[in-house]
$ cat final-v4.cif   # mmCIF, C-alpha atoms, pLDDT in the B column; chains and numbers go by the auth columns
data_run
loop_
_atom_site.group_PDB
_atom_site.id
_atom_site.type_symbol
_atom_site.label_atom_id
_atom_site.label_comp_id
_atom_site.label_asym_id
_atom_site.label_seq_id
_atom_site.Cartn_x
_atom_site.Cartn_y
_atom_site.Cartn_z
_atom_site.B_iso_or_equiv
_atom_site.auth_seq_id
_atom_site.auth_asym_id
ATOM 1 C CA MET A 1 77.792 129.407 83.611 92.00 1 A
ATOM 2 C CA LEU A 2 79.010 126.793 86.051 98.00 2 A
ATOM 3 C CA ARG A 3 77.588 126.616 89.556 98.00 3 A
ATOM 4 C CA ALA A 4 79.609 126.210 92.750 98.00 4 A
ATOM 5 C CA ARG A 5 78.134 122.731 93.152 98.00 5 A
ATOM 6 C CA ASP A 6 79.866 121.742 89.891 98.00 6 A
ATOM 7 C CA VAL A 7 83.232 121.937 91.687 98.00 7 A
ATOM 8 C CA VAL A 8 83.434 118.676 93.624 98.00 8 A
ATOM 9 C CA ARG A 9 86.116 117.636 96.099 98.00 9 A
ATOM 10 C CA VAL A 10 87.466 114.081 95.795 98.00 10 A
ATOM 11 C CA HIS A 11 89.040 112.365 98.810 98.00 11 A
ATOM 12 C CA MET A 12 92.252 110.582 97.766 98.00 12 A
ATOM 13 C CA GLY A 13 93.603 109.384 101.121 98.00 13 A
ATOM 14 C CA HIS A 14 95.963 110.769 103.712 98.00 14 A
ATOM 15 C CA TYR A 15 99.520 110.511 105.013 97.00 15 A
ATOM 16 C CA THR A 16 101.152 111.092 108.392 97.00 16 A
ATOM 17 C CA VAL A 17 103.956 113.587 108.966 96.00 17 A
ATOM 18 C CA PRO A 18 106.843 112.239 111.099 95.00 18 A
ATOM 19 C CA GLN A 19 106.989 113.519 114.671 95.00 19 A
ATOM 20 C CA GLU A 20 110.346 115.121 113.899 92.00 20 A
ATOM 21 C CA PHE A 21 109.954 117.049 110.638 91.00 21 A
ATOM 22 C CA PRO A 22 112.389 120.003 110.403 90.00 22 A
ATOM 23 C CA ARG A 23 110.937 121.251 107.098 85.00 23 A
ATOM 24 C CA ASN A 24 107.592 122.041 108.793 85.00 24 A
ATOM 25 C CA PRO A 25 108.016 121.331 112.509 91.00 25 A
ATOM 26 C CA GLU A 26 104.496 122.575 113.282 88.00 26 A
ATOM 27 C CA LEU A 27 103.114 119.636 111.276 91.00 27 A
ATOM 28 C CA GLY A 28 104.960 116.930 113.202 93.00 28 A
ATOM 29 C CA GLY A 29 102.670 113.940 113.791 95.00 29 A
ATOM 30 C CA ALA A 30 99.751 115.400 111.824 95.00 30 A
ATOM 31 C CA ALA A 31 97.521 113.373 109.520 96.00 31 A
ATOM 32 C CA ILE A 32 97.383 115.254 106.215 97.00 32 A
ATOM 33 C CA VAL A 33 94.394 114.785 103.945 98.00 33 A
ATOM 34 C CA VAL A 34 94.951 114.548 100.188 98.00 34 A
ATOM 35 C CA THR A 35 92.209 115.842 97.918 98.00 35 A
ATOM 36 C CA ALA A 36 91.624 116.463 94.237 98.00 36 A
ATOM 37 C CA TYR A 37 88.773 118.244 92.465 98.00 37 A
ATOM 38 C CA VAL A 38 86.441 117.407 89.622 98.00 38 A
ATOM 39 C CA VAL A 39 84.808 120.212 87.682 98.00 39 A
ATOM 40 C CA ARG A 40 81.570 118.944 86.161 98.00 40 A
ATOM 41 C CA HIS A 41 81.923 120.956 82.974 98.00 41 A
ATOM 42 C CA PRO A 42 79.370 120.825 80.123 98.00 42 A
ATOM 43 C CA ASP A 43 82.194 119.830 77.762 97.00 43 A
ATOM 44 C CA GLY A 44 83.172 116.919 80.012 98.00 44 A
ATOM 45 C CA PRO A 45 84.656 116.397 83.489 98.00 45 A
ATOM 46 C CA ILE A 46 87.965 118.080 84.332 98.00 46 A
ATOM 47 C CA LEU A 47 90.197 116.516 86.994 98.00 47 A
ATOM 48 C CA LEU A 48 92.407 118.877 88.973 98.00 48 A
ATOM 49 C CA ASP A 49 95.157 116.785 90.591 98.00 49 A
ATOM 50 C CA THR A 50 95.149 113.002 90.474 98.00 50 A
ATOM 51 C CA GLY A 51 96.076 112.039 94.036 97.00 51 A
ATOM 52 C CA MET A 52 98.546 109.487 95.342 95.00 52 A
ATOM 53 C CA THR A 53 99.779 106.206 93.958 93.00 53 A
ATOM 54 C CA ALA A 54 101.969 103.449 95.365 92.00 54 A
ATOM 55 C CA GLY A 55 105.579 102.917 94.369 91.00 55 A
ATOM 56 C CA HIS A 56 107.492 105.869 95.827 89.00 56 A
ATOM 57 C CA GLN A 57 109.482 103.904 98.410 90.00 57 A
ATOM 58 C CA LYS A 58 111.137 106.879 100.092 88.00 58 A
ATOM 59 C CA ALA A 59 107.864 108.782 100.512 90.00 59 A
ATOM 60 C CA GLU A 60 106.053 105.680 101.750 93.00 60 A
ATOM 61 C CA ALA A 61 108.715 104.940 104.346 93.00 61 A
ATOM 62 C CA LEU A 62 108.607 108.528 105.598 93.00 62 A
ATOM 63 C CA PHE A 63 104.891 109.346 105.436 95.00 63 A
ATOM 64 C CA HIS A 64 103.072 105.974 105.569 96.00 64 A
ATOM 65 C CA PRO A 65 100.306 107.018 103.160 96.00 65 A
ATOM 66 C CA LEU A 66 96.871 105.468 103.177 97.00 66 A
ATOM 67 C CA ILE A 67 95.961 105.559 99.493 97.00 67 A
ATOM 68 C CA ARG A 68 92.344 105.376 98.442 97.00 68 A
ATOM 69 C CA PRO A 69 91.824 103.218 95.334 97.00 69 A
ATOM 70 C CA PHE A 70 91.636 105.662 92.454 97.00 70 A
ATOM 71 C CA ASP A 71 88.789 103.929 90.652 97.00 71 A
ATOM 72 C CA ASP A 72 86.724 103.989 93.850 97.00 72 A
ATOM 73 C CA ALA A 73 87.257 107.735 94.175 97.00 73 A
ATOM 74 C CA LEU A 74 85.976 108.353 90.650 97.00 74 A
ATOM 75 C CA ARG A 75 83.170 105.827 90.955 97.00 75 A
ATOM 76 C CA GLU A 76 81.784 107.767 93.908 95.00 76 A
ATOM 77 C CA LEU A 77 81.127 110.579 91.427 96.00 77 A
ATOM 78 C CA GLY A 78 79.716 108.265 88.794 97.00 78 A
ATOM 79 C CA LEU A 79 82.855 108.531 86.663 98.00 79 A
ATOM 80 C CA VAL A 80 85.525 106.350 85.115 98.00 80 A
ATOM 81 C CA ALA A 81 88.895 107.597 83.903 98.00 81 A
ATOM 82 C CA SER A 82 87.839 107.573 80.249 97.00 82 A
ATOM 83 C CA ASP A 83 85.125 110.159 81.033 98.00 83 A
ATOM 84 C CA VAL A 84 87.706 112.817 81.943 98.00 84 A
ATOM 85 C CA ARG A 85 88.331 115.323 79.141 98.00 85 A
ATOM 86 C CA ALA A 86 91.311 117.149 80.726 98.00 86 A
ATOM 87 C CA VAL A 87 93.664 116.869 83.700 98.00 87 A
ATOM 88 C CA ALA A 88 95.785 119.508 85.411 98.00 88 A
ATOM 89 C CA ASN A 89 98.255 119.270 88.304 98.00 89 A
ATOM 90 C CA CYS A 90 98.984 122.096 90.707 98.00 90 A
ATOM 91 C CA HIS A 91 102.476 120.585 90.900 97.00 91 A
ATOM 92 C CA LEU A 92 104.065 117.213 90.323 96.00 92 A
ATOM 93 C CA HIS A 93 104.821 115.903 93.801 95.00 93 A
ATOM 94 C CA ILE A 94 103.598 112.331 93.920 93.00 94 A
ATOM 95 C CA ASP A 95 100.599 113.098 96.152 96.00 95 A
ATOM 96 C CA HIS A 96 99.201 115.457 93.510 97.00 96 A
ATOM 97 C CA SER A 97 100.065 113.640 90.276 97.00 97 A
ATOM 98 C CA GLY A 98 100.351 109.972 91.157 96.00 98 A
ATOM 99 C CA ASN A 99 97.559 108.800 88.852 98.00 99 A
ATOM 100 C CA ASN A 100 98.442 110.828 85.772 98.00 100 A
ATOM 101 C CA PHE A 101 99.450 107.597 84.062 98.00 101 A
ATOM 102 C CA ARG A 102 95.804 106.559 84.003 98.00 102 A
ATOM 103 C CA PHE A 103 95.129 109.253 81.414 98.00 103 A
ATOM 104 C CA PRO A 104 96.998 108.416 78.198 98.00 104 A
ATOM 105 C CA ALA A 105 96.066 110.744 75.323 97.00 105 A
ATOM 106 C CA THR A 106 94.207 113.064 77.729 98.00 106 A
ATOM 107 C CA PRO A 107 95.680 116.594 77.856 98.00 107 A
ATOM 108 C CA ILE A 108 97.482 117.219 81.153 98.00 108 A
ATOM 109 C CA PHE A 109 98.176 120.894 81.901 98.00 109 A
ATOM 110 C CA VAL A 110 101.428 121.530 83.769 98.00 110 A
ATOM 111 C CA GLN A 111 103.945 124.344 84.023 97.00 111 A
ATOM 112 C CA LYS A 112 107.308 123.908 82.270 97.00 112 A
ATOM 113 C CA ALA A 113 109.278 124.594 85.462 95.00 113 A
ATOM 114 C CA GLU A 114 107.344 121.800 87.130 95.00 114 A
ATOM 115 C CA ARG A 115 107.779 119.365 84.253 95.00 115 A
ATOM 116 C CA ASP A 116 111.521 120.035 84.226 94.00 116 A
ATOM 117 C CA ALA A 117 111.862 119.610 87.990 93.00 117 A
ATOM 118 C CA ALA A 118 109.890 116.365 87.991 91.00 118 A
ATOM 119 C CA GLY A 119 112.336 114.778 85.583 85.00 119 A
ATOM 120 C CA THR A 120 115.455 115.511 87.610 81.00 120 A
ATOM 121 C CA THR A 121 115.127 113.420 90.768 73.00 121 A
ATOM 122 C CA LEU A 122 113.006 110.592 92.134 72.00 122 A
ATOM 123 C CA ASP A 123 112.774 112.583 95.369 76.00 123 A
ATOM 124 C CA TYR A 124 110.458 114.947 93.501 82.00 124 A
ATOM 125 C CA SER A 125 108.185 112.631 91.560 87.00 125 A
ATOM 126 C CA LEU A 126 107.902 109.343 89.700 92.00 126 A
ATOM 127 C CA PRO A 127 108.290 110.318 86.040 94.00 127 A
ATOM 128 C CA ASP A 128 106.920 107.019 84.727 93.00 128 A
ATOM 129 C CA LYS A 129 103.682 107.681 86.622 95.00 129 A
ATOM 130 C CA THR A 130 103.430 111.445 86.168 96.00 130 A
ATOM 131 C CA ILE A 131 105.002 112.787 82.948 96.00 131 A
ATOM 132 C CA ASP A 132 106.743 109.988 81.029 95.00 132 A
ATOM 133 C CA PHE A 133 104.246 107.177 80.565 96.00 133 A
ATOM 134 C CA PRO A 134 102.971 105.719 77.268 97.00 134 A
ATOM 135 C CA GLY A 135 100.548 108.163 75.693 98.00 135 A
ATOM 136 C CA ALA A 136 101.416 111.049 78.016 98.00 136 A
ATOM 137 C CA THR A 137 100.001 114.225 76.450 98.00 137 A
ATOM 138 C CA LEU A 138 101.401 117.195 78.324 98.00 138 A
ATOM 139 C CA GLU A 139 100.122 120.698 77.695 98.00 139 A
ATOM 140 C CA VAL A 140 103.261 122.501 78.892 98.00 140 A
ATOM 141 C CA LEU A 141 102.811 126.108 79.983 98.00 141 A
ATOM 142 C CA ASP A 142 105.812 128.388 80.355 97.00 142 A
ATOM 143 C CA GLY A 143 104.825 130.683 83.207 95.00 143 A
ATOM 144 C CA GLU A 144 101.556 131.555 81.541 95.00 144 A
ATOM 145 C CA GLU A 145 97.853 131.179 82.098 96.00 145 A
ATOM 146 C CA ALA A 146 95.840 128.746 80.013 97.00 146 A
ATOM 147 C CA GLU A 147 92.183 128.031 79.452 98.00 147 A
ATOM 148 C CA ILE A 148 91.462 124.393 80.231 98.00 148 A
ATOM 149 C CA ALA A 149 87.829 124.820 79.195 98.00 149 A
ATOM 150 C CA PRO A 150 85.496 127.836 79.075 98.00 150 A
ATOM 151 C CA GLY A 151 85.327 129.218 82.600 98.00 151 A
ATOM 152 C CA VAL A 152 88.213 127.090 83.890 98.00 152 A
ATOM 153 C CA ARG A 153 91.847 128.179 83.691 98.00 153 A
ATOM 154 C CA ALA A 154 95.267 127.373 85.089 98.00 154 A
ATOM 155 C CA VAL A 155 97.137 130.311 86.627 96.00 155 A
ATOM 156 C CA PRO A 156 100.784 130.266 87.797 95.00 156 A
ATOM 157 C CA THR A 157 101.077 130.699 91.573 95.00 157 A
ATOM 158 C CA PRO A 158 104.739 129.924 92.317 95.00 158 A
ATOM 159 C CA GLY A 159 105.652 129.549 95.957 93.00 159 A
ATOM 160 C CA HIS A 160 105.395 125.997 97.260 92.00 160 A
ATOM 161 C CA THR A 161 107.310 125.014 94.118 94.00 161 A
ATOM 162 C CA ALA A 162 108.614 127.137 91.250 94.00 162 A
ATOM 163 C CA GLY A 163 106.075 125.637 88.871 96.00 163 A
ATOM 164 C CA HIS A 164 103.064 125.584 91.169 97.00 164 A
ATOM 165 C CA GLN A 165 99.783 126.648 89.602 97.00 165 A
ATOM 166 C CA SER A 166 96.256 127.166 90.872 97.00 166 A
ATOM 167 C CA PHE A 167 92.965 126.798 89.049 98.00 167 A
ATOM 168 C CA VAL A 168 90.302 129.428 88.612 98.00 168 A
ATOM 169 C CA VAL A 169 86.687 128.404 88.066 98.00 169 A
ATOM 170 C CA ASP A 170 84.115 131.086 87.322 98.00 170 A
ATOM 171 C CA THR A 171 80.710 130.206 88.800 98.00 171 A
ATOM 172 C CA GLN A 172 77.409 131.990 89.249 98.00 172 A
ATOM 173 C CA GLU A 173 78.111 132.318 92.974 98.00 173 A
ATOM 174 C CA GLY A 174 81.578 133.780 92.461 98.00 174 A
ATOM 175 C CA ARG A 175 85.103 132.905 91.433 98.00 175 A
ATOM 176 C CA ILE A 176 86.484 129.735 93.002 98.00 176 A
ATOM 177 C CA VAL A 177 90.242 129.350 93.237 98.00 177 A
ATOM 178 C CA ILE A 178 91.447 125.791 93.728 98.00 178 A
ATOM 179 C CA GLY A 179 94.696 126.691 95.422 97.00 179 A
ATOM 180 C CA GLY A 180 96.436 123.311 95.547 97.00 180 A
ATOM 181 C CA GLN A 181 99.332 123.648 97.944 97.00 181 A
ATOM 182 C CA ALA A 182 99.755 127.395 97.604 96.00 182 A
ATOM 183 C CA PHE A 183 99.148 127.156 101.363 95.00 183 A
ATOM 184 C CA ASN A 184 98.968 124.046 103.513 93.00 184 A
ATOM 185 C CA ASP A 185 95.562 124.980 104.865 95.00 185 A
ATOM 186 C CA ALA A 186 92.889 127.662 104.928 97.00 186 A
ATOM 187 C CA SER A 187 94.002 128.963 108.323 96.00 187 A
ATOM 188 C CA ALA A 188 97.535 129.586 107.091 95.00 188 A
ATOM 189 C CA TYR A 189 96.132 131.534 104.167 97.00 189 A
ATOM 190 C CA ALA A 190 93.831 133.593 106.399 97.00 190 A
ATOM 191 C CA ARG A 191 96.721 134.462 108.725 97.00 191 A
ATOM 192 C CA ASP A 192 98.953 135.561 105.859 97.00 192 A
ATOM 193 C CA LEU A 193 96.113 137.474 104.247 97.00 193 A
ATOM 194 C CA LEU A 194 95.623 139.471 107.445 97.00 194 A
ATOM 195 C CA ALA A 195 99.359 140.175 107.671 98.00 195 A
ATOM 196 C CA TRP A 196 99.407 141.294 104.022 97.00 196 A
ATOM 197 C CA ARG A 197 96.482 143.646 104.605 97.00 197 A
ATOM 198 C CA LEU A 198 98.161 145.127 107.683 98.00 198 A
ATOM 199 C CA ASP A 199 101.306 145.662 105.643 98.00 199 A
ATOM 200 C CA ARG A 200 99.342 147.472 102.918 97.00 200 A
ATOM 201 C CA GLU A 201 97.872 149.745 105.602 98.00 201 A
ATOM 202 C CA GLY A 202 101.332 150.560 106.929 98.00 202 A
ATOM 203 C CA LYS A 203 100.693 148.796 110.214 98.00 203 A
ATOM 204 C CA SER A 204 102.864 146.436 112.202 98.00 204 A
ATOM 205 C CA HIS A 205 102.502 142.898 110.885 98.00 205 A
ATOM 206 C CA PRO A 206 104.076 139.448 111.123 97.00 206 A
ATOM 207 C CA ARG A 207 105.932 137.876 108.218 96.00 207 A
ATOM 208 C CA TYR A 208 103.814 136.372 105.462 96.00 208 A
ATOM 209 C CA ALA A 209 104.304 134.445 102.247 94.00 209 A
ATOM 210 C CA PRO A 210 104.699 136.946 99.404 92.00 210 A
ATOM 211 C CA TRP A 211 102.480 134.925 97.082 93.00 211 A
ATOM 212 C CA VAL A 212 99.369 135.663 99.155 95.00 212 A
ATOM 213 C CA ALA A 213 98.982 138.778 96.999 94.00 213 A
ATOM 214 C CA ARG A 214 98.839 136.643 93.845 94.00 214 A
ATOM 215 C CA LEU A 215 95.833 134.721 95.127 95.00 215 A
ATOM 216 C CA GLN A 216 94.059 137.953 96.017 94.00 216 A
ATOM 217 C CA GLU A 217 94.705 139.320 92.535 94.00 217 A
ATOM 218 C CA LEU A 218 92.461 136.516 91.272 94.00 218 A
ATOM 219 C CA ASP A 219 89.524 138.126 93.132 94.00 219 A
ATOM 220 C CA PRO A 220 88.382 134.898 94.805 98.00 220 A
ATOM 221 C CA TRP A 221 84.994 134.342 96.363 98.00 221 A
ATOM 222 C CA ARG A 222 86.147 130.945 97.639 98.00 222 A
ATOM 223 C CA ILE A 223 89.564 129.281 97.922 98.00 223 A
ATOM 224 C CA THR A 224 90.074 125.583 98.527 98.00 224 A
ATOM 225 C CA PHE A 225 93.310 123.767 99.305 98.00 225 A
ATOM 226 C CA ALA A 226 94.560 120.279 98.508 98.00 226 A
ATOM 227 C CA HIS A 227 95.527 119.389 102.079 97.00 227 A
ATOM 228 C CA ASP A 228 92.629 120.887 104.033 97.00 228 A
ATOM 229 C CA LEU A 229 88.922 120.096 104.226 97.00 229 A
ATOM 230 C CA ALA A 230 88.222 123.672 105.352 97.00 230 A
ATOM 231 C CA ILE A 231 87.713 126.454 102.831 97.00 231 A
ATOM 232 C CA TRP A 232 88.301 130.193 102.807 97.00 232 A
ATOM 233 C CA GLU A 233 85.447 132.429 101.674 97.00 233 A
ATOM 234 C CA ARG A 234 85.318 136.163 101.239 94.00 234 A
ATOM 235 C CA GLY A 235 83.629 137.846 104.186 84.00 235 A
ATOM 236 C CA THR A 236 83.951 134.904 106.581 71.00 236 A
#
$ encode --input "final-v4.cif" --output "structure tokens"
Amino acid sequence: MLRARDVVRVHMGHYTVPQEFPRNPELGGAAIVVTAYVVRHPDGPILLDTGMTAGHQKAEALFHPLIRPFDDALRELGLVASDVRAVANCHLHIDHSGNNFRFPATPIFVQKAERDAAGTTLDYSLPDKTIDFPGATLEVLDGEEAEIAPGVRAVPTPGHTAGHQSFVVDTQEGRIVIGGQAFNDASAYARDLLAWRLDREGKSHPRYAPWVARLQELDPWRITFAHDLAIWERGT
């Protein structure tokens, strides 16, 4: 069985939220880290999210991303793109799927709702970098779970987007859920988890995202998030 140390975070850069940002006003002016994950699987490395790439003019003008060279990020782990046996995206916003095009003929696991949304508007993604590049090999899931490799699966967790999915990795230490952008950060998840538990106990509680229950159904020992260097662990 995999060990927790086989799930490795990869730093992909960061971007800066505008001071005035009505969609998430609490994030105004914040520097937002962008991470991906490599699972060092016996059958070959699995890359969960592919980070940012240049070329999305609207996003770059708004968020001023600092993009880490993709090859440098992999090289830090002793890898090159051709080593990767499978790719999966939690969703297809450009900061999570920008380097998909570097993986022709490599299976890329994505939900159908996400694939369909990514093809409709350049505000959402860059199709020629994410889903419609020469050799693109999409494993399209229609609201279902899928095994990426033994002990590693994609699980639908709609919320941030309709086609958002998280990744479940079974390890000797416990089940790790790579939550993508199910929540912006570990603190937001912990707050909503407390509210959900209070609700279940019939106690007064603040509002919370309804999909917090879905993550708990996965029985996580640890949850990581794409835009936070902190983690959530059971019992902490």
$ closest_atom_pairs --input "final-v4.cif" --of "region 15-110 of chain A" --to "region 148-172 of chain A" --cutoff "9 Å" --atoms "all atoms listed in the file" --output "tab-separated table"
residue	atom	partner	partner_atom	distance
A:Val39	CA	A:Val169	CA	8.4
A:His41	CA	A:Ala149	CA	8.0
A:Asp43	CA	A:Ala149	CA	7.7
A:Ile46	CA	A:Ile148	CA	8.3
A:Leu48	CA	A:Phe167	CA	7.9
A:Ala86	CA	A:Ile148	CA	7.3
A:Val87	CA	A:Ile148	CA	8.6
A:Ala88	CA	A:Ala154	CA	7.9
A:Asn89	CA	A:Gln165	CA	7.6
A:Cys90	CA	A:Gln165	CA	4.8
A:His91	CA	A:His164	CA	5.0
A:Leu92	CA	A:His164	CA	8.5
A:Phe109	CA	A:Ile148	CA	7.8
A:Val110	CA	A:Gln165	CA	7.9
$ closest_residue --input "final-v4.cif" --among "A:Ala36, A:Ala31, A:Met52, A:Leu126" --to "Val10 (chain A)" --atoms "all atoms listed in the file"
A:Ala36
$ residues_near_point --input "final-v4.cif" --point "(106.8, 111.7, 83.6)" --cutoff "10 Å" --atoms "all atoms listed in the file" --output "PDB file with C-alpha atoms, keeping the file's coordinate frame"
ATOM      1  CA  LEU A  92     104.065 117.213  90.323  1.00 96.00           C
ATOM      2  CA  SER A  97     100.065 113.640  90.276  1.00 97.00           C
ATOM      3  CA  ASN A 100      98.442 110.828  85.772  1.00 98.00           C
ATOM      4  CA  PHE A 101      99.450 107.597  84.062  1.00 98.00           C
ATOM      5  CA  ARG A 115     107.779 119.365  84.253  1.00 95.00           C
ATOM      6  CA  ASP A 116     111.521 120.035  84.226  1.00 94.00           C
ATOM      7  CA  ALA A 118     109.890 116.365  87.991  1.00 91.00           C
ATOM      8  CA  GLY A 119     112.336 114.778  85.583  1.00 85.00           C
ATOM      9  CA  SER A 125     108.185 112.631  91.560  1.00 87.00           C
ATOM     10  CA  LEU A 126     107.902 109.343  89.700  1.00 92.00           C
ATOM     11  CA  PRO A 127     108.290 110.318  86.040  1.00 94.00           C
ATOM     12  CA  ASP A 128     106.920 107.019  84.727  1.00 93.00           C
ATOM     13  CA  LYS A 129     103.682 107.681  86.622  1.00 95.00           C
ATOM     14  CA  THR A 130     103.430 111.445  86.168  1.00 96.00           C
ATOM     15  CA  ILE A 131     105.002 112.787  82.948  1.00 96.00           C
ATOM     16  CA  ASP A 132     106.743 109.988  81.029  1.00 95.00           C
ATOM     17  CA  PHE A 133     104.246 107.177  80.565  1.00 96.00           C
ATOM     18  CA  PRO A 134     102.971 105.719  77.268  1.00 97.00           C
ATOM     19  CA  ALA A 136     101.416 111.049  78.016  1.00 98.00           C
ATOM     20  CA  LEU A 138     101.401 117.195  78.324  1.00 98.00           C
TER      21      LEU A 138
END
$ residues_near_point --input "final-v4.cif" --point "(98.8, 109.4, 108.3)" --cutoff "8 Å" --atoms "all atoms listed in the file" --output "PyMOL selection string"
chain A and resi 14-17+30-32+63-66
$ closest_atom_pairs --input "final-v4.cif" --of "region 156-212 of chain A" --to "region 225-228 of chain A" --cutoff "9 Å" --atoms "all atoms listed in the file" --output "Markdown table"
| residue | atom | partner | partner_atom | distance |
| --- | --- | --- | --- | --- |
| A:Val177 | CA | A:Phe225 | CA | 8.8 |
| A:Ile178 | CA | A:Phe225 | CA | 6.2 |
| A:Gly179 | CA | A:Phe225 | CA | 5.1 |
| A:Gly180 | CA | A:Ala226 | CA | 4.6 |
| A:Gln181 | CA | A:Ala226 | CA | 5.9 |
| A:Ala182 | CA | A:Phe225 | CA | 7.6 |
| A:Phe183 | CA | A:Phe225 | CA | 7.1 |
| A:Asn184 | CA | A:His227 | CA | 6.0 |
| A:Asp185 | CA | A:Asp228 | CA | 5.1 |
| A:Ala186 | CA | A:Asp228 | CA | 6.8 |
$ closest_residue --input "final-v4.cif" --among "A:Arg40, A:Arg222, A:Arg207, A:Arg68" --to "Ala54 (chain A)" --atoms "only C-alpha atoms"
A:Arg68
$ closest_residue --input "final-v4.cif" --among "A:Leu229, A:Ser82, A:His11, A:Val140" --to "Ile67 (chain A)" --atoms "only C-alpha atoms"
A:His11
$ atom_distance --input "final-v4.cif" --atom1 "CA of His96 (chain A)" --atom2 "CA of His56 (chain A)"
12.9 Å
$ axis_aligned_box --input "final-v4.cif" --around "region 90-98 of chain A" --padding-each-side "4 Å" --output "AutoDock Vina command-line options"
--center_x 101.9 --center_y 116.0 --center_z 93.2 --size_x 13.8 --size_y 20.1 --size_z 13.9
$ atom_distance --input "final-v4.cif" --atom1 "CA of Thr236 (chain A)" --atom2 "CA of Trp211 (chain A)"
20.8 Å
$ residues_around --input "final-v4.cif" --residues "Tyr208 (chain A)" --least-positions-apart "3" --cutoff "12 Å" --atoms "only C-alpha atoms" --output "list in words"
Gly159, Phe183, Ala188, Tyr189, Ala190, Arg191, Asp192, Leu193, Leu194, Ala195, Trp196, Arg197, Leu198, Asp199, His205, Trp211, Val212 and Ala213 of chain A
$ write_last_selection --input "final-v4.cif" --atoms "C-alpha atoms" --output "PDB file, keeping the file's coordinate frame"
ATOM      1  CA  GLY A 159     105.652 129.549  95.957  1.00 93.00           C
ATOM      2  CA  PHE A 183      99.148 127.156 101.363  1.00 95.00           C
ATOM      3  CA  ALA A 188      97.535 129.586 107.091  1.00 95.00           C
ATOM      4  CA  TYR A 189      96.132 131.534 104.167  1.00 97.00           C
ATOM      5  CA  ALA A 190      93.831 133.593 106.399  1.00 97.00           C
ATOM      6  CA  ARG A 191      96.721 134.462 108.725  1.00 97.00           C
ATOM      7  CA  ASP A 192      98.953 135.561 105.859  1.00 97.00           C
ATOM      8  CA  LEU A 193      96.113 137.474 104.247  1.00 97.00           C
ATOM      9  CA  LEU A 194      95.623 139.471 107.445  1.00 97.00           C
ATOM     10  CA  ALA A 195      99.359 140.175 107.671  1.00 98.00           C
ATOM     11  CA  TRP A 196      99.407 141.294 104.022  1.00 97.00           C
ATOM     12  CA  ARG A 197      96.482 143.646 104.605  1.00 97.00           C
ATOM     13  CA  LEU A 198      98.161 145.127 107.683  1.00 98.00           C
ATOM     14  CA  ASP A 199     101.306 145.662 105.643  1.00 98.00           C
ATOM     15  CA  HIS A 205     102.502 142.898 110.885  1.00 98.00           C
ATOM     16  CA  TRP A 211     102.480 134.925  97.082  1.00 93.00           C
ATOM     17  CA  VAL A 212      99.369 135.663  99.155  1.00 95.00           C
ATOM     18  CA  ALA A 213      98.982 138.778  96.999  1.00 94.00           C
TER      19      ALA A 213
END
$ closest_residue --input "final-v4.cif" --among "A:Asp49, A:Glu144, A:Asp72, A:Glu60" --to "Tyr37 (chain A)" --atoms "only C-alpha atoms"
A:Asp49
$ resolve_selection --input "final-v4.cif" --expression "the PyMOL selection byres ((chain A and resi 137) around 7)" --output "VMD selection string"
chain A and resid 104 to 108 135 to 136 138 to 139
$ atom_distance --input "final-v4.cif" --atom1 "CA of Thr50 (chain A)" --atom2 "CA of Arg102 (chain A)"
9.2 Å
$ build_atoms --input "final-v4.cif" --residues "region 125-135 of chain A" --atoms "N, CA and C atoms" --output "PDB file, in the frame of the given file"
ATOM      1  N   SER A 125     109.347 113.249  92.172  1.00 87.00           N
ATOM      2  CA  SER A 125     108.185 112.631  91.560  1.00 87.00           C
ATOM      3  C   SER A 125     108.586 111.261  91.026  1.00 87.00           C
ATOM      4  N   LEU A 126     107.643 110.584  90.424  1.00 92.00           N
ATOM      5  CA  LEU A 126     107.902 109.343  89.700  1.00 92.00           C
ATOM      6  C   LEU A 126     107.576 109.602  88.233  1.00 92.00           C
ATOM      7  N   PRO A 127     108.574 109.916  87.420  1.00 94.00           N
ATOM      8  CA  PRO A 127     108.290 110.318  86.040  1.00 94.00           C
ATOM      9  C   PRO A 127     107.457 109.314  85.263  1.00 94.00           C
ATOM     10  N   ASP A 128     107.671 108.009  85.506  1.00 93.00           N
ATOM     11  CA  ASP A 128     106.920 107.019  84.727  1.00 93.00           C
ATOM     12  C   ASP A 128     105.449 106.969  85.115  1.00 93.00           C
ATOM     13  N   LYS A 129     105.086 107.604  86.228  1.00 95.00           N
ATOM     14  CA  LYS A 129     103.682 107.681  86.622  1.00 95.00           C
ATOM     15  C   LYS A 129     103.078 109.066  86.341  1.00 95.00           C
ATOM     16  N   THR A 130     103.938 110.073  86.185  1.00 96.00           N
ATOM     17  CA  THR A 130     103.430 111.445  86.168  1.00 96.00           C
ATOM     18  C   THR A 130     103.598 112.159  84.827  1.00 96.00           C
ATOM     19  N   ILE A 131     104.760 112.008  84.172  1.00 96.00           N
ATOM     20  CA  ILE A 131     105.002 112.787  82.948  1.00 96.00           C
ATOM     21  C   ILE A 131     105.560 111.967  81.802  1.00 96.00           C
ATOM     22  N   ASP A 132     106.019 110.747  82.060  1.00 95.00           N
ATOM     23  CA  ASP A 132     106.743 109.988  81.029  1.00 95.00           C
ATOM     24  C   ASP A 132     106.194 108.572  80.935  1.00 95.00           C
ATOM     25  N   PHE A 133     104.896 108.472  80.708  1.00 96.00           N
ATOM     26  CA  PHE A 133     104.246 107.177  80.565  1.00 96.00           C
ATOM     27  C   PHE A 133     103.718 107.066  79.137  1.00 96.00           C
ATOM     28  N   PRO A 134     103.460 105.870  78.645  1.00 97.00           N
ATOM     29  CA  PRO A 134     102.971 105.719  77.268  1.00 97.00           C
ATOM     30  C   PRO A 134     101.694 106.520  77.034  1.00 97.00           C
ATOM     31  N   GLY A 135     101.713 107.355  76.024  1.00 98.00           N
ATOM     32  CA  GLY A 135     100.548 108.163  75.693  1.00 98.00           C
ATOM     33  C   GLY A 135     100.448 109.472  76.443  1.00 98.00           C
TER      34      GLY A 135
END
